[in-house]
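Student: One structure, as structure tokens, below. Some questions next.
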Amino acid sequence: MPCSTANQPAFPYERKKSSKFIRWLSNLFKGNRGGLGEDNMALTPLEDDSWGSKEKEEVDQSIARSLAKDSKRPNGQRPVTDNDARNSLNSSTEPPYWDYNARGCRKCSGCQGDIGSGNYLGCMGTFFHPECFLCHACGFPITEYEFSLSGNNSYHKSCFKELTHPKCEVCHQFIPTNGAGLIEYRCHPFWSQKYCPSHENDDTKRCCSCERLESRNTRYVSLGDGRSLCLECMESAIVDTGDCQQLYHAIRDFYEGMNMAIDQQIPMLLVERQALNEAIEGEKHGFHHMPETRGLCLSEEQTVTSILKRSKMAVRGLVGLRTQPQKLTRKCEVTAILVLYGLPRLLTGVILAHELMHAWLRLKGFRNLSPEVEEGICQVLSQMWLESEVMPRSRNMPSTSTASYSKKGGKSEVENKLGEFFMHQITHDASPAYGAGFRAANAAANKYGLRHTLDHIRLTGSFPL
């Protein structure tokens with residue numbers, strides 16, 4: 001809807017005094033009415049409050065006599081006089097005939113009542129009592145010298161700014177204009193969180209799961225390794241290795257339901273960021289991993305520090321975290337699967353499904369795959385598992401959602417929305433390996449089926465076209 005701001009002053013008050021007010025009143029009913037000017041806005045008293053009771057009584061008698069004469073004309077109308085012709089030059093919006101109400105006054109467009117003695121305001125071709133000229137947003141009278149118009153609606157300037165000027169969802173202030181005078185802000189592509197560009201570089205915390213910035217009226221939970229988690233993601237966070245075992249085995253069952261059983265018993269550990277980064281450095285095949293890695297399919301023998309005991313949430317973050325060094329020996333092509341601790345259940349499951357596909361490829365003898373092919377097909381399996389959780393009927397896949405239900409007996413709306421976000425992340429990833437690789441692998445699996453796509457990768461090292 002096109003919006004415009006009108007900075008329109010009210011006309012000065014006018015006092016119309018006359019010692020011969022009876023003559024003035026007769027002239028009023030004969031057509032001497034005075035124009036409002038080009039802007040059609042005035043705040044004009046219709047009666048002088050200084051009149052005495054005797055004078056007001058004579059006014060009422062004159063009105064009664066005039067109305068008696070007007071009632072004899074059709075529809076209560078009167079002919080145009082010379083004064084009307086002259087005044088029509090000042091107010092072209094009035095017709096040559098007009099109706100008078102019981103007191104010869106205008107109708108208020110706000111309350112629909114008569115505008116009697118006192119002041120009135122003309123705006124947009126209509127008239128109001130001062131107390132009836134209301135802001136369309138807050139409903140209070142507009143008394144300021146300037147106001148804003150949007151279509152046929154009037155607003156306080158401050159209310160109009162509240163409606164049209166975006167506010168930052170981090171600092172809750174109006175987003176400032178840039179050097180060119182334009183309102184510039186950042187907006188998350190999924191959550192539509194709008195915020196000032198400065199918050200990307202002012203140490204504002206960002207949730208390591210959903211990517212939303214911390215609002216000034218909320219507090220994120222610190223995970224102790226440089227990561228922070230919002231309270232919504234914290235609701236379903238998995239914070240120790242023992243709690244993750246049920247989900248891990250459920251995803252292995254998902255693979256078995258896809259006729260892709262993983263026969264080897266591969267250890268799975270939740271670890272801190274530092275432990276994961278150290279494990280990546282010890283891997284010979286670490287070139288597939290992104291700068292912020294959240295999982296690893298380990299193939300070398302290493303000693304890894306895992307999260308042993310559940311943490312408790314305090315005001316300053318998680319406390320009581322207990323870790324334990326664990327020696328991992330290689331019994332097959334895969335030594336262990338490592339996942340960052342403290343992530344929501346669905347995101348932890350996405351990482352596990354991805355790393356288990358790495359394990360399946362290695363155990364089945366897939367060798368020397370390019371990052372685009374290997375990471376792409378692993379992302380397809382992550383997406384398929386996630387779809388089975390968020391949309392259990394999709395692709396006729398078995399669901400592993402038995403552990404995803406809230407204490408109230410159903411999967412929470414928060415978790416469902418997070419699942420949609422994680423699917424959005426996979427689909428719209430911009431990286432060559434994880435993003436373009438996924439889209440190529442997903443197109444092949446949709447066209448030829450997963451089994452035929454995997455057979456083609458084994459033979460050629462590429463996706464079928």
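Please note that chains go A, B, ... in the order of the structure tokens, that every chain numbers its residues from 1, and that ligands are numbered from 1 in the order shown.
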Taking the chain letters and numbering used in this document, name the residues of segment 165-222 of chain A that DSSP puts in strand (DSSP E), as a list in words.

Tutor: Arg186, Cys187, Lys194, Tyr195, Val221 and Ser222 of chain A

Student: Can you write out the residues you just picked, keeping all heavy atoms, as a short mmCIF file (atom, residue, chain, number, x, y, z; two decimals), in the first residue's frame?

Tutor:
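Generated file (part32.cif):
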data_model
loop_
_atom_site.label_atom_id
_atom_site.label_comp_id
_atom_site.auth_asym_id
_atom_site.auth_seq_id
_atom_site.Cartn_x
_atom_site.Cartn_y
_atom_site.Cartn_z
N ARG A 186 20.31 -7.02 8.06
CA ARG A 186 20.53 -8.41 7.69
C ARG A 186 19.28 -9.20 8.06
O ARG A 186 18.57 -8.87 9.01
CB ARG A 186 21.75 -8.99 8.42
CG ARG A 186 23.03 -8.22 8.17
CD ARG A 186 23.54 -8.43 6.75
NE ARG A 186 24.80 -7.75 6.54
CZ ARG A 186 24.93 -6.55 6.04
NH1 ARG A 186 23.84 -5.86 5.68
NH2 ARG A 186 26.12 -5.99 5.88
N CYS A 187 19.03 -10.26 7.31
CA CYS A 187 17.83 -11.08 7.56
C CYS A 187 18.19 -12.54 7.33
O CYS A 187 18.71 -12.90 6.28
CB CYS A 187 16.69 -10.65 6.63
SG CYS A 187 15.14 -11.53 6.93
N LYS A 194 15.52 -10.20 11.59
CA LYS A 194 16.11 -8.96 11.08
C LYS A 194 16.99 -8.34 12.17
O LYS A 194 16.57 -8.28 13.33
CB LYS A 194 15.02 -7.97 10.66
CG LYS A 194 14.12 -8.46 9.54
CD LYS A 194 13.10 -7.39 9.17
CE LYS A 194 12.19 -7.84 8.04
NZ LYS A 194 11.33 -8.97 8.43
N TYR A 195 18.17 -7.87 11.78
CA TYR A 195 19.06 -7.29 12.77
C TYR A 195 20.01 -6.30 12.11
O TYR A 195 20.23 -6.32 10.89
CB TYR A 195 19.84 -8.37 13.50
CG TYR A 195 20.62 -9.32 12.62
CD1 TYR A 195 21.95 -9.08 12.27
CD2 TYR A 195 20.02 -10.48 12.13
CE1 TYR A 195 22.66 -9.95 11.47
CE2 TYR A 195 20.72 -11.36 11.32
CZ TYR A 195 22.04 -11.09 11.00
OH TYR A 195 22.73 -11.96 10.19
N VAL A 221 22.85 -20.33 26.36
CA VAL A 221 23.63 -21.20 27.24
C VAL A 221 25.00 -21.40 26.63
O VAL A 221 25.13 -21.77 25.45
CB VAL A 221 22.92 -22.56 27.42
CG1 VAL A 221 23.76 -23.49 28.29
CG2 VAL A 221 21.54 -22.36 28.04
N SER A 222 26.03 -21.17 27.42
CA SER A 222 27.40 -21.38 26.96
C SER A 222 27.77 -22.86 27.13
O SER A 222 27.56 -23.44 28.21
CB SER A 222 28.37 -20.51 27.75
OG SER A 222 29.71 -20.81 27.41
#

Student: Just the number, please: distance in Å from atom CA of Met384 of chain A to atom CA of Glu281 of chain A, one decimal.

Tutor: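 Answer for the atom CA of Met384 of chain A to atom CA of Glu281 of chain A separation: 29.8 Å.
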
Student: What's the 10 Å shell around Tyr341 of chain A, counting only C-alpha atoms, without same-chain residues fewer than 6 positions away, as a list of chain:residue names?

Tutor: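 Within the cut-off, the hits are A:Leu223, A:Ala237, A:Ile238, A:Val239, A:Asp240, A:Thr241, A:Cys244, A:Leu269, A:Leu270, A:Val271, A:Glu272, A:Arg273, A:Arg294, A:Gly295, A:Ser306, A:Ile307, A:Thr348.
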
Student: Please identify all polymer residues within 12 Å of Ala443 of chain A, counting only C-alpha atoms, omitting same-chain residues fewer than 6 positions from it, and present them as a list in words.

Tutor: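 The filter keeps Gly376, Ile377, Val380, Thr427, Ala436, Gly437, Gly449, Leu450, Thr453, Phe463, Pro464 and Leu465 of chain A.
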
Student: What is the distance between atom CA of Ser192 of chain A and atom CA of Glu211 of chain A, in Å to one decimal?

Tutor: 11.4 Å

Student: So that I can see what lies close to Arg206 of chain A, please list as a PDB file with all heavy atoms, in the first residue's frame the residues with an atom at most 10 Å from it, counting only C-alpha atoms and leaving out residues fewer than 5 positions away in the same chain.

Tutor:
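Final output, saved to selection33.pdb:
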ATOM      1  N   HIS A 199      25.747  -6.127  14.376  1.00  0.00           N
ATOM      2  CA  HIS A 199      25.743  -7.251  15.313  1.00  0.00           C
ATOM      3  C   HIS A 199      26.520  -8.462  14.793  1.00  0.00           C
ATOM      4  O   HIS A 199      26.766  -9.401  15.553  1.00  0.00           O
ATOM      5  CB  HIS A 199      24.296  -7.663  15.629  1.00  0.00           C
ATOM      6  CG  HIS A 199      23.512  -6.600  16.325  1.00  0.00           C
ATOM      7  ND1 HIS A 199      24.013  -5.873  17.385  1.00  0.00           N
ATOM      8  CD2 HIS A 199      22.265  -6.115  16.097  1.00  0.00           C
ATOM      9  CE1 HIS A 199      23.115  -4.995  17.783  1.00  0.00           C
ATOM     10  NE2 HIS A 199      22.046  -5.123  17.015  1.00  0.00           N
ATOM     11  N   GLU A 200      26.893  -8.445  13.522  1.00  0.00           N
ATOM     12  CA  GLU A 200      27.691  -9.550  13.011  1.00  0.00           C
ATOM     13  C   GLU A 200      29.141  -9.452  13.479  1.00  0.00           C
ATOM     14  O   GLU A 200      29.884 -10.431  13.396  1.00  0.00           O
ATOM     15  CB  GLU A 200      27.641  -9.572  11.478  1.00  0.00           C
ATOM     16  CG  GLU A 200      26.268  -9.925  10.930  1.00  0.00           C
ATOM     17  CD  GLU A 200      26.263 -10.098   9.430  1.00  0.00           C
ATOM     18  OE1 GLU A 200      27.146  -9.495   8.773  1.00  0.00           O
ATOM     19  OE2 GLU A 200      25.410 -10.834   8.910  1.00  0.00           O
ATOM     20  N   GLU A 211      21.542 -20.972  14.352  1.00  0.00           N
ATOM     21  CA  GLU A 211      22.189 -19.793  13.764  1.00  0.00           C
ATOM     22  C   GLU A 211      21.541 -18.470  14.145  1.00  0.00           C
ATOM     23  O   GLU A 211      21.968 -17.414  13.680  1.00  0.00           O
ATOM     24  CB  GLU A 211      22.252 -19.889  12.231  1.00  0.00           C
ATOM     25  CG  GLU A 211      23.053 -21.068  11.719  1.00  0.00           C
ATOM     26  CD  GLU A 211      23.120 -21.098  10.200  1.00  0.00           C
ATOM     27  OE1 GLU A 211      22.380 -20.319   9.560  1.00  0.00           O
ATOM     28  OE2 GLU A 211      23.908 -21.878   9.666  1.00  0.00           O
ATOM     29  N   ARG A 212      20.531 -18.464  14.983  1.00  0.00           N
ATOM     30  CA  ARG A 212      19.903 -17.204  15.359  1.00  0.00           C
ATOM     31  C   ARG A 212      20.787 -16.440  16.340  1.00  0.00           C
ATOM     32  O   ARG A 212      21.449 -17.036  17.202  1.00  0.00           O
ATOM     33  CB  ARG A 212      18.524 -17.448  15.970  1.00  0.00           C
ATOM     34  CG  ARG A 212      17.467 -17.817  14.951  1.00  0.00           C
ATOM     35  CD  ARG A 212      16.147 -18.159  15.592  1.00  0.00           C
ATOM     36  NE  ARG A 212      16.184 -19.452  16.256  1.00  0.00           N
ATOM     37  CZ  ARG A 212      15.113 -20.071  16.745  1.00  0.00           C
ATOM     38  NH1 ARG A 212      13.923 -19.497  16.644  1.00  0.00           N
ATOM     39  NH2 ARG A 212      15.221 -21.245  17.326  1.00  0.00           N
ATOM     40  N   LEU A 213      20.763 -15.105  16.227  1.00  0.00           N
ATOM     41  CA  LEU A 213      21.531 -14.257  17.129  1.00  0.00           C
ATOM     42  C   LEU A 213      20.799 -14.093  18.458  1.00  0.00           C
ATOM     43  O   LEU A 213      19.562 -14.110  18.517  1.00  0.00           O
ATOM     44  CB  LEU A 213      21.772 -12.885  16.501  1.00  0.00           C
ATOM     45  CG  LEU A 213      22.697 -12.843  15.278  1.00  0.00           C
ATOM     46  CD1 LEU A 213      22.761 -11.422  14.733  1.00  0.00           C
ATOM     47  CD2 LEU A 213      24.087 -13.342  15.614  1.00  0.00           C
ATOM     48  N   GLU A 214      21.582 -13.923  19.501  1.00  0.00           N
ATOM     49  CA  GLU A 214      21.026 -13.768  20.836  1.00  0.00           C
ATOM     50  C   GLU A 214      20.381 -12.398  20.981  1.00  0.00           C
ATOM     51  O   GLU A 214      20.999 -11.367  20.733  1.00  0.00           O
ATOM     52  CB  GLU A 214      22.131 -13.930  21.879  1.00  0.00           C
ATOM     53  CG  GLU A 214      21.650 -13.804  23.316  1.00  0.00           C
ATOM     54  CD  GLU A 214      22.796 -13.873  24.300  1.00  0.00           C
ATOM     55  OE1 GLU A 214      23.815 -13.183  24.075  1.00  0.00           O
ATOM     56  OE2 GLU A 214      22.681 -14.610  25.280  1.00  0.00           O
ATOM     57  N   SER A 215      19.121 -12.378  21.394  1.00  0.00           N
ATOM     58  CA  SER A 215      18.412 -11.129  21.637  1.00  0.00           C
ATOM     59  C   SER A 215      18.846 -10.549  22.975  1.00  0.00           C
ATOM     60  O   SER A 215      19.263 -11.278  23.885  1.00  0.00           O
ATOM     61  CB  SER A 215      16.900 -11.374  21.627  1.00  0.00           C
ATOM     62  OG  SER A 215      16.202 -10.230  22.037  1.00  0.00           O
ATOM     63  N   TYR A 220      21.642 -16.938  26.054  1.00  0.00           N
ATOM     64  CA  TYR A 220      21.993 -18.243  25.515  1.00  0.00           C
ATOM     65  C   TYR A 220      22.837 -19.019  26.524  1.00  0.00           C
ATOM     66  O   TYR A 220      23.468 -18.437  27.412  1.00  0.00           O
ATOM     67  CB  TYR A 220      22.766 -18.087  24.203  1.00  0.00           C
ATOM     68  CG  TYR A 220      21.905 -17.740  23.004  1.00  0.00           C
ATOM     69  CD1 TYR A 220      20.568 -17.410  23.146  1.00  0.00           C
ATOM     70  CD2 TYR A 220      22.434 -17.751  21.725  1.00  0.00           C
ATOM     71  CE1 TYR A 220      19.781 -17.099  22.054  1.00  0.00           C
ATOM     72  CE2 TYR A 220      21.662 -17.441  20.618  1.00  0.00           C
ATOM     73  CZ  TYR A 220      20.338 -17.111  20.791  1.00  0.00           C
ATOM     74  OH  TYR A 220      19.552 -16.806  19.710  1.00  0.00           O
ATOM     75  N   ARG A 227      31.117 -22.262  22.017  1.00  0.00           N
ATOM     76  CA  ARG A 227      29.803 -22.344  21.376  1.00  0.00           C
ATOM     77  C   ARG A 227      28.710 -21.923  22.356  1.00  0.00           C
ATOM     78  O   ARG A 227      28.860 -22.051  23.565  1.00  0.00           O
ATOM     79  CB  ARG A 227      29.522 -23.771  20.892  1.00  0.00           C
ATOM     80  CG  ARG A 227      30.454 -24.252  19.791  1.00  0.00           C
ATOM     81  CD  ARG A 227      30.125 -25.696  19.399  1.00  0.00           C
ATOM     82  NE  ARG A 227      30.361 -26.622  20.501  1.00  0.00           N
ATOM     83  CZ  ARG A 227      29.564 -27.651  20.810  1.00  0.00           C
ATOM     84  NH1 ARG A 227      28.472 -27.867  20.092  1.00  0.00           N
ATOM     85  NH2 ARG A 227      29.866 -28.450  21.813  1.00  0.00           N
ATOM     86  N   SER A 228      27.611 -21.442  21.785  1.00  0.00           N
ATOM     87  CA  SER A 228      26.438 -21.067  22.583  1.00  0.00           C
ATOM     88  C   SER A 228      25.207 -21.722  21.977  1.00  0.00           C
ATOM     89  O   SER A 228      25.150 -21.996  20.770  1.00  0.00           O
ATOM     90  CB  SER A 228      26.262 -19.551  22.617  1.00  0.00           C
ATOM     91  OG  SER A 228      27.367 -18.917  23.231  1.00  0.00           O
ATOM     92  N   LEU A 229      24.224 -21.959  22.830  1.00  0.00           N
ATOM     93  CA  LEU A 229      22.999 -22.639  22.401  1.00  0.00           C
ATOM     94  C   LEU A 229      21.805 -21.842  22.901  1.00  0.00           C
ATOM     95  O   LEU A 229      21.758 -21.439  24.071  1.00  0.00           O
ATOM     96  CB  LEU A 229      22.967 -24.059  22.979  1.00  0.00           C
ATOM     97  CG  LEU A 229      22.158 -25.124  22.238  1.00  0.00           C
ATOM     98  CD1 LEU A 229      22.736 -25.383  20.862  1.00  0.00           C
ATOM     99  CD2 LEU A 229      22.126 -26.416  23.043  1.00  0.00           C
ATOM    100  N   CYS A 230      20.841 -21.605  22.008  1.00  0.00           N
ATOM    101  CA  CYS A 230      19.619 -20.916  22.430  1.00  0.00           C
ATOM    102  C   CYS A 230      18.768 -21.860  23.277  1.00  0.00           C
ATOM    103  O   CYS A 230      18.953 -23.088  23.258  1.00  0.00           O
ATOM    104  CB  CYS A 230      18.836 -20.405  21.223  1.00  0.00           C
ATOM    105  SG  CYS A 230      17.999 -21.682  20.255  1.00  0.00           S
TER     106      CYS A 230
END

Student: Enter the distance from atom CA of Gly257 of chain A to atom CA of Ile426 of chain A, in Å, rounded to one decimal.

Tutor: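 Between these atoms lies a distance of 22.6 Å.
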
Student: Point out the residue among A:Arg458, A:Arg106, A:Lys161, A:His172 with the least atom-to-atom distance to Arg367 of chain A, counting only C-alpha atoms.

Tutor: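 With only C-alpha atoms as the atom set, the closest residue is A:Arg458.
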